[in-house]
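This is query-v1.txt (compact mmCIF, C-alpha atoms and all ligand atoms).
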# COMPACT_ATOMS: atom_id res chain seq x y z
CA MET A 1 0.00 0.00 0.00
CA ASN A 2 1.35 3.37 -1.04
CA PRO A 3 1.39 5.72 2.00
CA VAL A 4 1.10 8.90 -0.04
CA VAL A 5 -2.00 7.65 -1.82
CA LEU A 6 -3.55 6.65 1.51
CA SER A 7 -2.75 10.04 3.09
CA LEU A 8 -4.35 11.86 0.19
CA ALA A 9 -7.40 9.57 0.09
CA PHE A 10 -7.90 9.89 3.84
CA ALA A 11 -7.56 13.69 3.83
CA ALA A 12 -9.94 13.88 0.87
CA ALA A 13 -12.50 11.63 2.58
CA VAL A 14 -12.39 13.65 5.82
CA LEU A 15 -12.72 16.93 3.95
CA ALA A 16 -15.45 15.67 1.60
CA SER A 17 -17.50 14.24 4.53
CA LEU A 18 -17.22 17.53 6.34
CA LEU A 19 -18.27 19.55 3.29
CA VAL A 20 -21.24 17.27 2.61
CA LYS A 21 -22.27 17.51 6.29
CA PHE A 22 -22.07 21.32 6.15
CA TRP A 23 -24.02 21.44 2.94
CA LEU A 24 -26.77 19.17 4.27
CA ALA A 25 -26.97 21.07 7.56
CA THR A 26 -27.27 24.36 5.67
CA ARG A 27 -30.08 22.95 3.53
CA GLN A 28 -31.88 21.66 6.61
CA MET A 29 -31.51 25.01 8.39
CA ARG A 30 -32.80 26.96 5.41
CA HIS A 31 -35.73 24.59 4.98
CA VAL A 32 -36.76 24.57 8.63
CA ALA A 33 -36.31 28.33 9.06
CA GLY A 34 -38.28 28.93 5.85
CA HIS A 35 -41.26 26.97 7.18
CA ARG A 36 -41.10 28.33 10.72
CA GLY A 37 -43.79 30.96 10.16
CA ALA A 38 -46.77 28.62 9.74
CA VAL A 39 -47.82 25.06 10.61
CA PRO A 40 -48.03 22.98 7.38
CA ALA A 41 -51.63 23.03 6.07
CA ALA A 42 -52.19 19.30 6.72
CA PHE A 43 -51.45 19.79 10.43
CA ALA A 44 -52.87 23.27 10.88
CA SER A 45 -55.81 22.10 12.99
CA ILE A 46 -53.89 19.61 15.16
CA VAL A 47 -50.48 21.20 15.85
CA ALA A 48 -50.20 24.53 17.66
CA LEU A 49 -48.06 27.24 16.08
CA GLU A 50 -46.13 27.52 19.34
CA ALA A 51 -45.15 23.82 19.26
CA HIS A 52 -44.22 24.08 15.57
CA GLN A 53 -41.94 27.02 16.26
CA LYS A 54 -40.36 25.38 19.27
CA ALA A 55 -39.53 22.38 17.05
CA ALA A 56 -37.99 24.71 14.46
CA ASP A 57 -35.90 26.55 17.06
CA TYR A 58 -34.73 23.30 18.66
CA THR A 59 -33.78 21.83 15.27
CA LEU A 60 -31.82 24.96 14.34
CA ALA A 61 -30.03 25.18 17.68
CA LYS A 62 -29.08 21.49 17.49
CA LEU A 63 -27.76 21.85 13.94
CA ARG A 64 -25.58 24.79 14.94
CA THR A 65 -24.04 22.75 17.76
CA ASP A 66 -23.58 19.77 15.44
CA ILE A 67 -21.75 21.81 12.80
CA VAL A 68 -19.24 23.14 15.31
CA GLY A 69 -18.81 19.63 16.77
CA GLU A 70 -18.22 18.09 13.33
CA ALA A 71 -15.62 20.68 12.37
CA PHE A 72 -13.82 20.20 15.67
CA GLY A 73 -13.99 16.40 15.35
CA SER A 74 -12.45 16.49 11.87
CA ALA A 75 -9.64 18.75 13.08
CA VAL A 76 -8.94 16.35 15.97
CA LEU A 77 -8.92 13.40 13.57
CA ILE A 78 -6.35 15.06 11.31
CA ALA A 79 -4.30 16.10 14.35
CA TRP A 80 -4.18 12.51 15.62
CA THR A 81 -3.19 11.08 12.26
CA LEU A 82 -1.58 13.21 9.55
CA LEU A 83 -0.25 15.83 11.99
CA GLY A 84 1.42 13.18 14.13
CA GLY A 85 -0.56 13.26 17.39
CA LEU A 86 -0.79 9.49 17.72
CA ALA A 87 2.85 9.04 16.70
CA TRP A 88 3.87 11.41 19.50
CA LEU A 89 1.66 9.72 22.09
CA ASN A 90 2.90 6.32 20.97
CA THR A 91 6.58 7.21 21.39
CA HIS A 92 6.06 8.53 24.91
CA VAL A 93 3.76 5.78 26.16
CA ARG A 94 6.05 3.09 24.74
CA GLU A 95 9.17 4.56 26.35
CA LEU A 96 7.44 4.89 29.71
CA VAL A 97 5.51 1.65 29.91
CA GLU A 98 7.09 -1.06 27.80
CA PRO A 99 10.47 -1.46 29.54
CA ARG A 100 8.79 -1.74 32.95
CA TRP A 101 5.55 -3.63 32.36
CA GLY A 102 5.92 -5.21 28.95
CA GLY A 103 4.26 -5.10 25.54
CA MET A 104 0.67 -5.86 26.54
CA ALA A 105 0.63 -3.14 29.20
CA TYR A 106 2.10 -0.66 26.70
CA GLN A 107 -0.67 -1.40 24.18
CA LEU A 108 -3.46 -1.20 26.77
CA VAL A 109 -2.12 2.08 28.18
CA LEU A 110 -1.77 3.52 24.67
CA ILE A 111 -5.40 2.75 23.79
CA GLY A 112 -6.61 3.86 27.24
CA THR A 113 -4.78 7.19 27.02
CA PHE A 114 -6.05 7.77 23.50
CA MET A 115 -9.64 7.18 24.64
CA LEU A 116 -9.24 9.37 27.70
CA VAL A 117 -7.89 12.28 25.65
CA GLY A 118 -10.69 11.80 23.12
CA ALA A 119 -13.33 11.83 25.88
CA LEU A 120 -11.85 14.99 27.43
CA LEU A 121 -11.88 16.75 24.07
CA GLU A 122 -15.54 15.75 23.58
CA LEU A 123 -16.56 16.78 27.10
CA PRO A 124 -17.22 20.50 26.46
CA PHE A 125 -19.58 19.54 23.62
CA GLU A 126 -21.35 16.95 25.77
CA LEU A 127 -21.78 19.46 28.59
CA HIS A 128 -23.05 22.09 26.19
CA ARG A 129 -25.58 19.66 24.71
CA THR A 130 -26.96 18.52 28.04
CA PHE A 131 -26.83 21.65 30.19
CA ARG A 132 -27.29 24.37 27.59
CA LEU A 133 -29.16 23.05 24.55
CA GLU A 134 -31.41 20.42 26.15
CA GLN A 135 -31.84 22.63 29.22
CA ARG A 136 -32.94 25.62 27.18
CA PHE A 137 -35.74 23.64 25.54
CA GLY A 138 -36.82 22.02 28.80
CA PHE A 139 -35.66 18.49 27.98
CA ASN A 140 -32.78 18.07 30.40
CA LYS A 141 -33.75 16.71 33.80
CA MET A 142 -30.22 15.72 34.80
CA THR A 143 -28.45 17.40 37.72
CA PRO A 144 -24.66 17.93 37.54
CA ALA A 145 -24.32 15.38 40.39
CA LEU A 146 -26.20 12.72 38.42
CA TYR A 147 -24.14 13.57 35.34
CA VAL A 148 -20.88 13.00 37.22
CA ALA A 149 -22.22 9.79 38.82
CA ASP A 150 -23.23 8.46 35.38
CA MET A 151 -19.81 9.32 33.98
CA LEU A 152 -17.97 7.54 36.80
CA LYS A 153 -20.19 4.46 36.53
CA SER A 154 -19.68 4.28 32.76
CA LEU A 155 -15.94 4.70 33.20
CA LEU A 156 -15.66 1.92 35.79
CA LEU A 157 -17.91 -0.35 33.76
CA GLY A 158 -15.89 0.39 30.62
CA LEU A 159 -12.63 -0.39 32.41
CA ALA A 160 -13.97 -3.57 34.02
CA ILE A 161 -15.44 -4.97 30.80
CA GLY A 162 -13.37 -3.23 28.13
CA THR A 163 -9.88 -3.95 29.46
CA PRO A 164 -10.07 -7.78 29.48
CA LEU A 165 -11.89 -7.75 26.13
CA LEU A 166 -9.27 -5.51 24.56
CA ALA A 167 -6.48 -7.60 26.08
CA LEU A 168 -8.09 -10.70 24.54
CA VAL A 169 -8.23 -9.11 21.07
CA LEU A 170 -4.62 -7.87 21.33
CA TRP A 171 -3.52 -11.32 22.49
CA LEU A 172 -5.31 -12.98 19.55
CA MET A 173 -3.67 -10.52 17.14
CA GLN A 174 -0.33 -11.58 18.56
CA ALA A 175 -0.83 -15.30 19.02
CA ALA A 176 -3.53 -16.62 16.69
CA GLY A 177 -1.63 -16.47 13.40
CA SER A 178 -2.76 -14.94 10.12
CA LEU A 179 -6.41 -15.77 10.75
CA TRP A 180 -6.42 -13.89 14.06
CA TRP A 181 -9.14 -11.55 12.75
CA LEU A 182 -11.57 -14.45 12.44
CA TRP A 183 -10.96 -15.47 16.06
CA ALA A 184 -11.20 -11.90 17.28
CA TRP A 185 -14.45 -11.42 15.40
CA GLY A 186 -15.82 -14.63 16.94
CA ALA A 187 -14.82 -13.52 20.43
CA LEU A 188 -16.40 -10.08 20.03
CA THR A 189 -19.56 -11.56 18.55
CA ALA A 190 -19.88 -13.95 21.50
CA PHE A 191 -19.36 -11.04 23.85
CA GLN A 192 -22.03 -8.94 22.09
CA LEU A 193 -24.57 -11.74 22.36
CA LEU A 194 -23.75 -12.16 26.03
CA ALA A 195 -24.09 -8.40 26.56
CA MET A 196 -27.56 -8.46 25.00
CA VAL A 197 -28.59 -11.17 27.44
CA ILE A 198 -27.20 -9.53 30.58
CA TYR A 199 -27.87 -5.88 29.68
CA PRO A 200 -31.55 -5.67 30.73
CA THR A 201 -31.11 -7.42 34.07
CA LEU A 202 -27.55 -6.52 35.11
CA ILE A 203 -26.37 -3.34 33.39
CA ALA A 204 -29.45 -1.17 32.82
CA PRO A 205 -30.45 -1.28 36.54
CA LEU A 206 -27.12 0.36 37.40
CA PHE A 207 -28.38 3.52 35.69
CA ASN A 208 -32.16 3.42 36.13
CA LYS A 209 -34.86 2.07 38.39
CA PHE A 210 -37.21 -0.51 36.90
CA GLU A 211 -40.51 -1.15 38.60
CA PRO A 212 -43.26 -3.55 37.56
CA LEU A 213 -46.06 -1.75 35.75
CA ALA A 214 -48.63 -1.14 38.49
CA ASP A 215 -51.59 0.04 36.39
CA GLU A 216 -53.74 -3.15 36.22
CA THR A 217 -55.95 -1.90 33.40
CA LEU A 218 -52.93 -1.10 31.28
CA VAL A 219 -51.30 -4.46 32.08
CA ARG A 220 -54.43 -6.33 30.93
CA ARG A 221 -54.62 -4.19 27.83
CA VAL A 222 -51.00 -4.74 26.74
CA GLU A 223 -51.19 -8.43 27.63
CA SER A 224 -54.17 -8.88 25.36
CA LEU A 225 -52.38 -6.97 22.59
CA MET A 226 -49.35 -9.23 22.92
CA GLN A 227 -51.54 -12.31 22.82
CA ARG A 228 -53.19 -11.04 19.62
CA CYS A 229 -49.71 -10.60 18.16
CA GLY A 230 -48.48 -14.01 19.33
CA PHE A 231 -45.86 -12.73 21.80
CA ARG A 232 -45.21 -13.45 25.44
CA ALA A 233 -43.41 -11.15 27.83
CA SER A 234 -41.81 -12.08 31.12
CA GLY A 235 -42.75 -8.75 32.58
CA PHE A 236 -43.84 -5.16 32.06
CA PHE A 237 -41.66 -2.49 33.60
CA VAL A 238 -41.65 1.24 34.07
CA MET A 239 -38.28 2.97 33.86
CA ASP A 240 -37.56 6.32 35.51
CA GLY A 241 -36.44 7.98 32.26
CA SER A 242 -37.63 11.30 33.70
CA ARG A 243 -34.54 11.41 35.92
CA ARG A 244 -32.46 12.36 32.92
CA SER A 245 -34.61 13.62 30.11
CA ALA A 246 -38.14 14.59 29.15
CA HIS A 247 -37.84 12.62 25.87
CA ALA A 248 -40.26 9.66 25.94
CA ASN A 249 -39.78 6.10 24.69
CA ALA A 250 -40.75 2.44 25.00
CA TYR A 251 -38.75 -0.66 24.20
CA PHE A 252 -38.81 -4.39 24.16
CA THR A 253 -35.66 -6.33 25.08
CA GLY A 254 -34.30 -9.79 25.66
CA PHE A 255 -34.46 -13.19 24.06
CA GLY A 256 -36.91 -16.07 23.96
CA SER A 257 -39.17 -16.20 26.98
CA GLY A 258 -37.05 -13.65 28.84
CA LYS A 259 -38.49 -10.71 26.88
CA ARG A 260 -39.41 -7.69 28.90
CA VAL A 261 -41.36 -4.64 27.86
CA VAL A 262 -40.02 -1.38 29.25
CA PHE A 263 -42.01 1.85 29.23
CA PHE A 264 -40.39 5.16 30.09
CA ASP A 265 -42.40 6.86 32.84
CA THR A 266 -42.45 9.92 30.59
CA LEU A 267 -44.34 7.91 27.95
CA LEU A 268 -47.00 6.72 30.39
CA GLN A 269 -47.50 10.24 31.72
CA ARG A 270 -48.02 11.65 28.28
CA LEU A 271 -50.05 9.01 26.40
CA SER A 272 -53.48 7.52 27.01
CA GLY A 273 -53.93 3.74 27.37
CA ASP A 274 -55.03 3.44 23.70
CA GLU A 275 -51.99 5.34 22.55
CA VAL A 276 -49.58 3.29 24.67
CA GLU A 277 -51.09 0.17 23.14
CA ALA A 278 -50.56 1.53 19.61
CA VAL A 279 -46.92 2.41 20.39
CA LEU A 280 -46.28 -1.07 21.79
CA ALA A 281 -47.94 -2.59 18.70
CA HIS A 282 -45.38 -0.67 16.62
CA GLU A 283 -42.52 -2.09 18.73
CA LEU A 284 -43.95 -5.59 18.35
CA GLY A 285 -44.03 -4.95 14.59
CA HIS A 286 -40.24 -4.71 14.65
CA PHE A 287 -40.14 -8.16 16.25
CA ALA A 288 -42.78 -9.68 13.98
CA HIS A 289 -40.76 -8.56 10.94
CA ARG A 290 -37.53 -9.75 12.58
CA HIS A 291 -35.93 -6.31 12.09
CA ILE A 292 -33.69 -6.70 15.11
CA VAL A 293 -32.31 -10.08 14.02
CA LYS A 294 -31.84 -8.90 10.43
CA ARG A 295 -30.00 -5.79 11.54
CA MET A 296 -27.78 -7.86 13.80
CA VAL A 297 -26.89 -10.28 11.02
CA MET A 298 -26.07 -7.35 8.75
CA MET A 299 -23.88 -5.73 11.42
CA LEU A 300 -22.06 -9.02 12.08
CA ALA A 301 -21.37 -9.44 8.35
CA PHE A 302 -20.06 -5.87 8.24
CA SER A 303 -17.84 -6.34 11.26
CA LEU A 304 -16.48 -9.59 9.78
CA ALA A 305 -15.57 -7.73 6.59
CA GLY A 306 -14.03 -4.97 8.74
CA PHE A 307 -11.92 -7.45 10.71
CA ALA A 308 -10.75 -9.16 7.52
CA LEU A 309 -9.72 -5.77 6.13
CA LEU A 310 -7.90 -4.92 9.36
CA GLY A 311 -6.17 -8.32 9.23
CA TRP A 312 -4.67 -7.29 5.94
CA LEU A 313 -4.02 -3.60 6.70
CA ALA A 314 -2.18 -4.40 9.96
CA THR A 315 0.54 -6.13 7.91
CA GLN A 316 1.05 -3.16 5.54
CA PRO A 317 3.70 -0.60 6.57
CA GLY A 318 2.00 1.85 4.19
CA PHE A 319 -1.15 1.73 6.32
CA TYR A 320 0.71 3.17 9.34
CA LEU A 321 2.87 5.60 7.39
CA GLY A 322 -0.08 6.87 5.34
CA LEU A 323 -1.93 7.74 8.55
CA GLY A 324 0.98 9.57 10.16
CA VAL A 325 2.58 6.87 12.32
CA ILE A 326 5.98 5.22 11.93
CA PRO A 327 5.46 1.55 12.88
CA ASN A 328 7.40 0.34 15.96
CA ALA A 329 10.53 -1.54 14.97
CA LEU A 330 10.75 -3.72 18.09
CA ALA A 331 7.40 -3.45 19.88
CA SER A 332 4.04 -4.77 18.64
CA ASN A 333 2.04 -2.57 16.26
CA ASN A 334 -1.34 -4.11 16.98
CA ALA A 335 -2.70 -1.37 19.24
CA LEU A 336 -1.64 1.23 16.66
CA ALA A 337 -3.37 -0.74 13.90
CA LEU A 338 -6.61 -0.90 15.93
CA LEU A 339 -6.59 2.84 16.67
CA LEU A 340 -5.77 3.89 13.11
CA PHE A 341 -8.44 1.58 11.73
CA LEU A 342 -11.10 2.93 14.09
CA MET A 343 -10.20 6.48 13.09
CA ALA A 344 -9.93 5.94 9.34
CA ILE A 345 -13.00 3.79 8.69
CA PRO A 346 -15.75 6.30 9.68
CA ALA A 347 -14.41 8.88 7.22
CA PHE A 348 -15.00 6.43 4.38
CA MET A 349 -18.19 4.89 5.79
CA PHE A 350 -20.01 8.23 5.97
CA PHE A 351 -20.83 8.01 2.29
CA ILE A 352 -22.76 4.77 2.64
CA SER A 353 -24.67 5.91 5.75
CA PRO A 354 -27.74 6.89 3.65
CA VAL A 355 -28.16 3.21 2.76
CA PHE A 356 -28.51 2.27 6.44
CA ALA A 357 -30.80 5.22 7.14
CA SER A 358 -33.05 4.20 4.27
CA LEU A 359 -33.24 0.57 5.47
CA SER A 360 -34.13 1.82 8.94
CA ARG A 361 -36.92 4.06 7.60
CA ARG A 362 -38.32 1.15 5.62
CA ASP A 363 -38.43 -0.88 8.86
CA GLU A 364 -40.32 1.93 10.60
CA PHE A 365 -42.98 2.00 7.88
CA GLN A 366 -43.34 -1.78 8.17
CA ALA A 367 -43.69 -1.59 11.95
CA ASP A 368 -46.31 1.17 11.56
CA ALA A 369 -48.27 -0.96 9.08
CA TYR A 370 -48.13 -3.86 11.54
CA ALA A 371 -49.35 -1.62 14.37
CA ARG A 372 -52.22 -0.50 12.18
CA SER A 373 -53.30 -4.11 11.66
CA LYS A 374 -53.18 -4.93 15.40
CA ALA A 375 -54.27 -1.66 17.01
CA ASP A 376 -56.05 1.52 15.97
CA ALA A 377 -54.29 3.69 13.38
CA ALA A 378 -55.86 6.86 14.78
CA ASP A 379 -54.35 6.07 18.22
CA LEU A 380 -50.93 5.62 16.65
CA VAL A 381 -51.27 8.92 14.78
CA ARG A 382 -52.21 10.70 18.01
CA ALA A 383 -49.30 9.08 19.84
CA LEU A 384 -46.86 9.95 17.05
CA LEU A 385 -47.95 13.57 17.03
CA LYS A 386 -47.51 13.82 20.79
CA LEU A 387 -44.10 12.12 20.72
CA TYR A 388 -42.82 14.18 17.80
CA GLU A 389 -44.09 17.30 19.51
CA ASP A 390 -42.53 16.34 22.85
CA ASN A 391 -39.22 15.64 21.15
CA ALA A 392 -39.60 18.91 19.20
CA SER A 393 -39.05 17.04 15.91
CA THR A 394 -39.67 19.31 12.99
CA LEU A 395 -42.62 18.60 10.69
CA THR A 396 -40.82 20.28 7.81
CA PRO A 397 -37.36 18.73 7.31
CA ASP A 398 -35.38 19.09 4.11
CA PRO A 399 -36.10 15.95 2.00
CA LEU A 400 -32.42 15.37 1.15
CA TYR A 401 -31.40 15.74 4.80
CA VAL A 402 -34.02 13.13 5.66
CA ARG A 403 -32.60 10.74 3.06
CA PHE A 404 -29.12 11.06 4.51
CA TYR A 405 -29.71 11.04 8.23
CA TYR A 406 -33.22 10.17 9.38
CA SER A 407 -33.53 6.72 10.95
CA HIS A 408 -37.25 7.41 11.42
CA PRO A 409 -39.39 8.96 8.68
CA PRO A 410 -40.74 12.46 9.42
CA ALA A 411 -44.14 12.51 11.17
CA SER A 412 -45.93 13.73 8.06
CA ALA A 413 -44.74 10.73 5.98
CA ARG A 414 -45.66 8.21 8.68
CA ILE A 415 -49.11 9.68 9.19
CA GLU A 416 -49.76 9.73 5.48
CA ALA A 417 -48.66 6.08 5.20
CA LEU A 418 -51.03 5.18 8.02
CA GLY A 419 -53.84 6.25 5.73
CA LEU A 420 -54.98 9.22 7.74
CA PRO A 421 -53.47 12.13 5.86
CA GLY A 422 -54.05 15.77 6.52
CA ALA A 423 -57.54 16.99 7.23
CA HIS A 424 -58.66 13.37 7.50
CA ALA A 425 -56.34 12.90 10.45
CA ALA A 426 -57.60 16.12 11.97
CA GLY A 427 -61.13 14.78 11.68
CA ALA A 428 -60.17 11.48 13.29
CA LEU A 429 -58.41 13.29 16.08
CA ALA A 430 -60.98 15.94 16.81
ZN ZN B 501 -39.82 1.82 15.34

What would you get if you wrote out this structure as structure tokens?
Ligand SMILES: [Zn+2]
Amino acid sequence: MNPVVLSLAFAAAVLASLLVKFWLATRQMRHVAGHRGAVPAAFASIVALEAHQKAADYTLAKLRTDIVGEAFGSAVLIAWTLLGGLAWLNTHVRELVEPRWGGMAYQLVLIGTFMLVGALLELPFELHRTFRLEQRFGFNKMTPALYVADMLKSLLLGLAIGTPLLALVLWLMQAAGSLWWLWAWGALTAFQLLAMVIYPTLIAPLFNKFEPLADETLVRRVESLMQRCGFRASGFFVMDGSRRSAHANAYFTGFGSGKRVVFFDTLLQRLSGDEVEAVLAHELGHFAHRHIVKRMVMMLAFSLAGFALLGWLATQPGFYLGLGVIPNALASNNALALLLFLMAIPAFMFFISPVFASLSRRDEFQADAYARSKADAADLVRALLKLYEDNASTLTPDPLYVRFYYSHPPASARIEALGLPGAHAAGALA
């Protein structure tokens, strides 16, 4: 691999992604600002002008923050790679750690330091998002104390789980021969499956309280819905989402008979029993269509291809040199290969992200259609309008921006697909 070609391709990909992101954000801002003055005709009788304008202001404020964050992120990426940041860090960490504690410790400390610096650089943006942006629009419910507690818990959890996992991958890279990437992929896949099993019962409760759903009427109602749909749940839970954010949600987790349905308390406060049922029917639609399994299989195939590519790149001196690092002559280069790969890949992957967004939107339409067949479409429309309004999602996004980024179709498209467009919906809702 020719390092000069790689340097140029990488710089071009970073720059092109950034320019496309700017362009799309500008389009979205112009579109949303242009429609801020009036609620779209189809929603005029069901959405208040005040809510419409709040959504526009929130969308614009978020985009402004995103643009600054993206520009900063790209600068950091170039600083780590082409400007020699990682090479510098690598020299110092290696000199300090390797002679005393050996090659594995050096690689773990290198990756740990890199992640710590990255997290510190991101922190001002995170703080701004939570305590300025979300606060200003009334979404943030998190206190600084809870924020710090969350951060410490995540850090400890990351260290406790991440360090042995990373050590395993680094060891496989060293010891498992030229097919190490296949072994590493297998190990990570096994870990991911395990994580999915233990997450709902062991990890999530570290951050939130889960209480059995106490409302008997609602329990009977959702049980009968699940029976109609051919599902069984091992329990219905209410999560104290309101501790952190006013955004509402519901989800369905677990495998086999261990499935649990989790409602955010914010969702139950905001929606009527009919509407909760319609939202759950939508979630069940994702299961009925096997969206979760399909997405997992796709991700596993992608990560296998990624590991295979890394298996090859790690042996190419040009890969290191092209991304600003001189490979170690005596120490292992595996940690460097991992870091460079994780930095370089997103720059190139950005251009295929619309494919994933479009698949996700298709899934949402399918889940909506399923919900319509098992519950009342008018209830789902009402619930969607409330949730989109509570999340201050704009009703008037730029169509191209939607194609690139939206994992969920805009409210207008979903309501139209549910067969209750415009004035018709207003009639049904009145
Ligand atoms: Zn969905």

Hey, could you make a per-residue contact list for region 272-360 of chain A against region 52-76 of chain A with 12 Å as the cut-off, showing the nearest pair of atoms and its distance in Å to one decimal, counting all atoms listed in the file, sorted by chain and number, as a tab-separated table?
residue	atom	partner	partner_atom	distance
A:Met343	CA	A:Ser74	CA	10.3
A:Ala344	CA	A:Ser74	CA	11.1
A:Pro346	CA	A:Ser74	CA	10.9
A:Ala347	CA	A:Ser74	CA	9.1

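Considering only C-alpha atoms, the residue among A:Phe348, A:Phe237, A:Phe365, A:Trp185 positioned nearest to Phe302 (chain A) is A:Trp185.
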
Query - Contact residues around Gly118 (chain A) with all atoms listed in the file at 12 Å, ignoring same-chain residues under 5 positions, as an NGL selection string - result: :A and (72-73 or 76-77 or 79-80 or 85-86 or 111-113 or 123-125 or 339 or 343)

Prev. selection, C-alpha atoms, output as a short mmCIF file (atom, residue, chain, number, x, y, z; two decimals), keeping the file's coordinate frame:
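Output contents, as saved in out.cif:
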data_model
loop_
_atom_site.label_atom_id
_atom_site.label_comp_id
_atom_site.auth_asym_id
_atom_site.auth_seq_id
_atom_site.Cartn_x
_atom_site.Cartn_y
_atom_site.Cartn_z
CA PHE A 72 -13.82 20.20 15.67
CA GLY A 73 -13.99 16.40 15.35
CA VAL A 76 -8.94 16.35 15.97
CA LEU A 77 -8.92 13.40 13.57
CA ALA A 79 -4.30 16.10 14.35
CA TRP A 80 -4.18 12.51 15.62
CA GLY A 85 -0.56 13.26 17.39
CA LEU A 86 -0.79 9.49 17.72
CA ILE A 111 -5.40 2.75 23.79
CA GLY A 112 -6.61 3.86 27.24
CA THR A 113 -4.78 7.19 27.02
CA LEU A 123 -16.56 16.78 27.10
CA PRO A 124 -17.22 20.50 26.46
CA PHE A 125 -19.58 19.54 23.62
CA LEU A 339 -6.59 2.84 16.67
CA MET A 343 -10.20 6.48 13.09
#

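Proximity of A:Met115, A:Gly84, A:His286, A:Ser245 to Tyr147 (chain A), computed with all atoms listed in the file, is greatest for A:Ser245.
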
Please produce, as JSON lines, a per-residue contact table for chain A versus ligand ZN 501 (chain B) (criterion: any atom at most 7 Å away, all atoms listed in the file considered), showing the nearest atom pair and its distance in Å to one decimal, sorted by chain then residue number.
{"residue": "A:His282", "atom": "CA", "partner": "B:ZN501", "partner_atom": "ZN", "distance": 6.2}
{"residue": "A:Glu283", "atom": "CA", "partner": "B:ZN501", "partner_atom": "ZN", "distance": 5.8}
{"residue": "A:His286", "atom": "CA", "partner": "B:ZN501", "partner_atom": "ZN", "distance": 6.6}
{"residue": "A:Glu364", "atom": "CA", "partner": "B:ZN501", "partner_atom": "ZN", "distance": 4.8}
{"residue": "A:Ala367", "atom": "CA", "partner": "B:ZN501", "partner_atom": "ZN", "distance": 6.2}

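Closest approach to Ile352 (chain A) from the set A:Glu95, A:Arg403, A:Ala187, A:Glu275 is made by A:Arg403, with distances taken over all atoms listed in the file.
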
Query - Surrounding residues of Asn90 (chain A) excluding itself and chain neighbours under 3 positions, 12 Å, only C-alpha atoms, as a VMD selection string - result: chain A and resid 80 to 81 84 to 87 93 to 98 106 to 114 324 to 328 331 to 337 339 to 340

Just the selected residues (C-alpha atoms), exported as a short mmCIF file (atom, residue, chain, number, x, y, z; two decimals), in the frame of the given file, please.
data_model
loop_
_atom_site.label_atom_id
_atom_site.label_comp_id
_atom_site.auth_asym_id
_atom_site.auth_seq_id
_atom_site.Cartn_x
_atom_site.Cartn_y
_atom_site.Cartn_z
CA TRP A 80 -4.18 12.51 15.62
CA THR A 81 -3.19 11.08 12.26
CA GLY A 84 1.42 13.18 14.13
CA GLY A 85 -0.56 13.26 17.39
CA LEU A 86 -0.79 9.49 17.72
CA ALA A 87 2.85 9.04 16.70
CA VAL A 93 3.76 5.78 26.16
CA ARG A 94 6.05 3.09 24.74
CA GLU A 95 9.17 4.56 26.35
CA LEU A 96 7.44 4.89 29.71
CA VAL A 97 5.51 1.65 29.91
CA GLU A 98 7.09 -1.06 27.80
CA TYR A 106 2.10 -0.66 26.70
CA GLN A 107 -0.67 -1.40 24.18
CA LEU A 108 -3.46 -1.20 26.77
CA VAL A 109 -2.12 2.08 28.18
CA LEU A 110 -1.77 3.52 24.67
CA ILE A 111 -5.40 2.75 23.79
CA GLY A 112 -6.61 3.86 27.24
CA THR A 113 -4.78 7.19 27.02
CA PHE A 114 -6.05 7.77 23.50
CA GLY A 324 0.98 9.57 10.16
CA VAL A 325 2.58 6.87 12.32
CA ILE A 326 5.98 5.22 11.93
CA PRO A 327 5.46 1.55 12.88
CA ASN A 328 7.40 0.34 15.96
CA ALA A 331 7.40 -3.45 19.88
CA SER A 332 4.04 -4.77 18.64
CA ASN A 333 2.04 -2.57 16.26
CA ASN A 334 -1.34 -4.11 16.98
CA ALA A 335 -2.70 -1.37 19.24
CA LEU A 336 -1.64 1.23 16.66
CA ALA A 337 -3.37 -0.74 13.90
CA LEU A 339 -6.59 2.84 16.67
CA LEU A 340 -5.77 3.89 13.11
#

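You will find CA of Ala233 (chain A) at 5.4 Å from CA of Arg260 (chain A).
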
Report task. Would you mind telling me which residue in A:Ala51, A:Glu134, A:Leu152, A:Lys259 lies nearest to Val197 (chain A) when using only C-alpha atoms? Result -> A:Lys259

Query raised in the report: Looking at only C-alpha atoms, which of A:Leu309, A:Ile345, A:Leu384, A:Leu157 is the one that sits closest to Leu271 (chain A)?
Result: A:Leu384

Counting only C-alpha atoms, which residues in region 294-370 of chain A sit no more than 7 Å from region 404-409 of chain A? For each one, give the nearest pair of atoms and the distance in Å, sorted by chain then residue number, as CSV.
residue,atom,partner,partner_atom,distance
A:Ser353,CA,A:Phe404,CA,6.9
A:Pro354,CA,A:Phe404,CA,4.5
A:Ala357,CA,A:Ser407,CA,4.9
A:Ser360,CA,A:Ser407,CA,5.3
A:Arg361,CA,A:His408,CA,5.1
A:Glu364,CA,A:His408,CA,6.3

Requested in this report: For Phe191 (chain A), list every protein, DNA or RNA residue within 12 Å, evaluated using only C-alpha atoms, and leave out those in the same chain fewer than 2 positions away; present the list as JSON, numbers by chain.
Outcome: {"A": [161, 162, 164, 165, 166, 168, 169, 184, 185, 186, 187, 188, 189, 193, 194, 195, 196, 197, 198, 199]}

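Note that CA of Arg243 (chain A) and CA of Leu120 (chain A) are 24.5 Å apart.
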
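CA of Trp181 (chain A) is positioned 5.4 Å from CA of Phe307 (chain A).
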
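Look at His291 (chain A): the protein and nucleic acid residues within 10 Å of it, using only C-alpha atoms and passing over chain neighbours fewer than 2 places away, are Gly285, His286, Phe287, Ala288, His289, Val293, Lys294, Arg295, Met296, Val297, Leu359, Ser360, Asp363, Glu364, Gln366 and Ala367 of chain A.
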